[in-house]
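The structure under discussion appears below in the form of structure tokens.
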Amino acid sequence: MAQVYLAEREKDGLQLVLKVLDPNLREDQSFVRRFEREYRLASGVHDEFVAHIYDHGFAGARPYIAMEYLSGGTLVDKLK
């Protein structure tokens with residue numbers, strides 16, 4: 001549903017995760033609404049074990065969610 005990138009915020013060099021809705025799905029409003037719902041739900045969770053949501057919006061016609069980067073491996077690795 002989305003592509004995920006490791007990005008760096010220009011103003012302060014903070015590493016973050018940028019999740020961008022797949023270009024093939026952005027014309028389908030049901031996927032855009034689902035992506036926006038994900039943002040609303042995730043940004044309402046405040047827990048040390050959940051990545052913090054910094055921002056969301058559109059870069060041109062591409063919806064994105066900017067969130068905290070948690071280094072140190074994958075969730076699968078951590079659960080082992």
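If you're wondering about the labels, chains in the structure tokens are A, B, ... by order shown, residues count from 1 in each chain, ligands from 1 in order shown.
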(request) Return as a list in words the full set of residues in chain A whose backbone-based DSSP assignment is helix (DSSP H, G or I). (result)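 Checking each residue of chain A, the helix (DSSP H, G or I) ones are Gln29, Ser30, Phe31, Val32, Arg33, Arg34, Phe35, Glu36, Arg37, Glu38, Tyr39, Arg40, Leu41, Ala42, Ser43, Leu75, Val76, Asp77, Lys78 and Leu79 of chain A.
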Those same residues - N, CA and C atoms - I'd like them written as an mmCIF file, in the first residue's frame.
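Saved file out.cif follows:
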data_model
loop_
_atom_site.group_PDB
_atom_site.id
_atom_site.type_symbol
_atom_site.label_atom_id
_atom_site.label_comp_id
_atom_site.auth_asym_id
_atom_site.auth_seq_id
_atom_site.Cartn_x
_atom_site.Cartn_y
_atom_site.Cartn_z
ATOM 1 N N GLN A 29 -9.792 6.891 -4.033
ATOM 2 C CA GLN A 29 -10.090 7.629 -2.808
ATOM 3 C C GLN A 29 -10.270 6.728 -1.591
ATOM 4 N N SER A 30 -10.641 5.475 -1.790
ATOM 5 C CA SER A 30 -10.774 4.579 -0.638
ATOM 6 C C SER A 30 -9.395 4.322 -0.010
ATOM 7 N N PHE A 31 -8.351 4.219 -0.821
ATOM 8 C CA PHE A 31 -7.000 4.034 -0.280
ATOM 9 C C PHE A 31 -6.489 5.319 0.367
ATOM 10 N N VAL A 32 -6.811 6.460 -0.229
ATOM 11 C CA VAL A 32 -6.402 7.737 0.366
ATOM 12 C C VAL A 32 -7.071 7.909 1.719
ATOM 13 N N ARG A 33 -8.358 7.607 1.829
ATOM 14 C CA ARG A 33 -9.064 7.697 3.114
ATOM 15 C C ARG A 33 -8.484 6.718 4.127
ATOM 16 N N ARG A 34 -8.153 5.522 3.679
ATOM 17 C CA ARG A 34 -7.559 4.515 4.570
ATOM 18 C C ARG A 34 -6.208 5.000 5.103
ATOM 19 N N PHE A 35 -5.413 5.604 4.234
ATOM 20 C CA PHE A 35 -4.108 6.141 4.612
ATOM 21 C C PHE A 35 -4.279 7.271 5.633
ATOM 22 N N GLU A 36 -5.239 8.160 5.405
ATOM 23 C CA GLU A 36 -5.516 9.251 6.338
ATOM 24 C C GLU A 36 -6.023 8.710 7.673
ATOM 25 N N ARG A 37 -6.824 7.661 7.634
ATOM 26 C CA ARG A 37 -7.322 7.033 8.863
ATOM 27 C C ARG A 37 -6.156 6.447 9.662
ATOM 28 N N GLU A 38 -5.218 5.815 8.954
ATOM 29 C CA GLU A 38 -4.032 5.282 9.625
ATOM 30 C C GLU A 38 -3.303 6.395 10.372
ATOM 31 N N TYR A 39 -3.154 7.547 9.725
ATOM 32 C CA TYR A 39 -2.498 8.677 10.382
ATOM 33 C C TYR A 39 -3.257 9.082 11.645
ATOM 34 N N ARG A 40 -4.564 9.255 11.534
ATOM 35 C CA ARG A 40 -5.361 9.698 12.686
ATOM 36 C C ARG A 40 -5.257 8.724 13.842
ATOM 37 N N LEU A 41 -5.352 7.429 13.541
ATOM 38 C CA LEU A 41 -5.275 6.423 14.597
ATOM 39 C C LEU A 41 -3.880 6.375 15.224
ATOM 40 N N ALA A 42 -2.852 6.345 14.400
ATOM 41 C CA ALA A 42 -1.475 6.244 14.908
ATOM 42 C C ALA A 42 -1.077 7.498 15.681
ATOM 43 N N SER A 43 -1.525 8.658 15.246
ATOM 44 C CA SER A 43 -1.133 9.880 15.936
ATOM 45 C C SER A 43 -1.845 10.026 17.281
ATOM 46 N N LEU A 75 11.031 -5.266 13.817
ATOM 47 C CA LEU A 75 10.149 -5.736 14.893
ATOM 48 C C LEU A 75 10.242 -7.256 15.018
ATOM 49 N N VAL A 76 10.328 -7.940 13.910
ATOM 50 C CA VAL A 76 10.448 -9.404 13.932
ATOM 51 C C VAL A 76 11.686 -9.806 14.738
ATOM 52 N N ASP A 77 12.812 -9.122 14.500
ATOM 53 C CA ASP A 77 14.035 -9.420 15.250
ATOM 54 C C ASP A 77 13.859 -9.166 16.745
ATOM 55 N N LYS A 78 13.193 -8.082 17.080
ATOM 56 C CA LYS A 78 12.992 -7.724 18.483
ATOM 57 C C LYS A 78 12.068 -8.714 19.202
ATOM 58 N N LEU A 79 11.112 -9.290 18.489
ATOM 59 C CA LEU A 79 10.175 -10.215 19.098
ATOM 60 C C LEU A 79 10.787 -11.594 19.364
#
(request) Using only C-alpha atoms, pick whichever of A:Ala7, A:Leu18, A:Val45, A:Met1 has the shortest atom-to-atom distance to Ala66 of chain A. (result)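 The shortest atom-to-atom distance to Ala66 of chain A comes from A:Leu18.
Taking only C-alpha atoms into account, Gly60 of chain A lies nearest to A:Val20 out of the set A:Leu14, A:Leu25, A:Leu6, A:Val20.
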(message) Counting only C-alpha atoms, which residue out of A:Glu8, A:Asp55, A:Glu68, A:Ala61 sits closest to Leu21 of chain A?
(response) A:Ala61
(request) Mind the document's chain letters and residue numbers, and return as a list in words the residues of chain A that DSSP labels strand (DSSP E). (result) Ala2, Gln3, Val4, Tyr5, Leu6, Ala7, Glu8, Gln15, Leu16, Val17, Leu18, Lys19, Val20, Leu21, Ile53, Tyr54, Asp55, His56, Gly57, Phe58, Ala59, Arg62, Pro63, Tyr64, Ile65, Ala66, Met67 and Glu68 of chain A
Give me a file of those residues, with N, CA and C atoms, as a compact mmCIF listing (two decimals), in the first residue's frame.
# COMPACT_ATOMS: atom_id res chain seq x y z
N ALA A 2 2.09 1.15 0.50
CA ALA A 2 2.94 2.34 0.60
C ALA A 2 4.40 1.95 0.44
N GLN A 3 5.18 2.97 0.14
CA GLN A 3 6.63 2.83 0.16
C GLN A 3 7.15 3.54 1.39
N VAL A 4 8.19 2.99 2.00
CA VAL A 4 8.73 3.55 3.23
C VAL A 4 10.20 3.90 3.00
N TYR A 5 10.55 5.12 3.39
CA TYR A 5 11.90 5.62 3.17
C TYR A 5 12.49 6.12 4.48
N LEU A 6 13.78 5.98 4.63
CA LEU A 6 14.50 6.64 5.70
C LEU A 6 14.88 8.01 5.15
N ALA A 7 14.47 9.06 5.85
CA ALA A 7 14.68 10.42 5.36
C ALA A 7 15.37 11.25 6.44
N GLU A 8 15.80 12.43 6.04
CA GLU A 8 16.42 13.36 6.97
C GLU A 8 15.72 14.70 6.85
N GLN A 15 16.71 12.10 11.62
CA GLN A 15 16.31 10.98 10.77
C GLN A 15 14.89 10.59 11.12
N LEU A 16 14.09 10.34 10.10
CA LEU A 16 12.72 9.92 10.30
C LEU A 16 12.30 8.99 9.19
N VAL A 17 11.16 8.37 9.38
CA VAL A 17 10.60 7.46 8.38
C VAL A 17 9.53 8.22 7.62
N LEU A 18 9.59 8.14 6.32
CA LEU A 18 8.60 8.77 5.47
C LEU A 18 7.84 7.67 4.75
N LYS A 19 6.56 7.55 5.06
CA LYS A 19 5.70 6.55 4.44
C LYS A 19 4.85 7.27 3.40
N VAL A 20 4.94 6.83 2.15
CA VAL A 20 4.27 7.50 1.03
C VAL A 20 3.33 6.50 0.36
N LEU A 21 2.08 6.92 0.17
CA LEU A 21 1.10 6.05 -0.48
C LEU A 21 1.58 5.68 -1.88
N ILE A 53 4.32 10.11 15.57
CA ILE A 53 3.97 10.68 14.27
C ILE A 53 4.29 12.17 14.31
N TYR A 54 5.13 12.64 13.39
CA TYR A 54 5.52 14.04 13.34
C TYR A 54 4.59 14.88 12.46
N ASP A 55 4.18 14.32 11.33
CA ASP A 55 3.48 15.14 10.35
C ASP A 55 2.79 14.23 9.34
N HIS A 56 1.88 14.81 8.61
CA HIS A 56 1.27 14.12 7.47
C HIS A 56 0.81 15.19 6.50
N GLY A 57 0.52 14.78 5.29
CA GLY A 57 0.05 15.74 4.30
C GLY A 57 0.22 15.20 2.91
N PHE A 58 0.37 16.11 1.97
CA PHE A 58 0.55 15.76 0.57
C PHE A 58 1.78 16.47 0.04
N ALA A 59 2.64 15.72 -0.63
CA ALA A 59 3.75 16.30 -1.37
C ALA A 59 3.33 16.23 -2.83
N ARG A 62 0.97 13.27 -3.67
CA ARG A 62 1.34 12.04 -2.96
C ARG A 62 1.15 12.20 -1.45
N PRO A 63 0.20 11.46 -0.88
CA PRO A 63 0.01 11.50 0.58
C PRO A 63 1.20 10.86 1.29
N TYR A 64 1.58 11.45 2.44
CA TYR A 64 2.69 10.91 3.20
C TYR A 64 2.40 11.00 4.70
N ILE A 65 3.11 10.18 5.46
CA ILE A 65 3.13 10.24 6.91
C ILE A 65 4.60 10.25 7.32
N ALA A 66 4.99 11.23 8.14
CA ALA A 66 6.36 11.32 8.65
C ALA A 66 6.34 10.87 10.10
N MET A 67 7.17 9.88 10.42
CA MET A 67 7.15 9.32 11.77
C MET A 67 8.56 9.07 12.30
N GLU A 68 8.62 8.83 13.58
CA GLU A 68 9.87 8.58 14.26
C GLU A 68 10.60 7.36 13.68
(request) Using atom CA of Asp47 of chain A and atom CA of Arg9 of chain A as the two end points, give the distance in Å to one decimal. (result)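 These atoms are spaced 22.7 Å apart.
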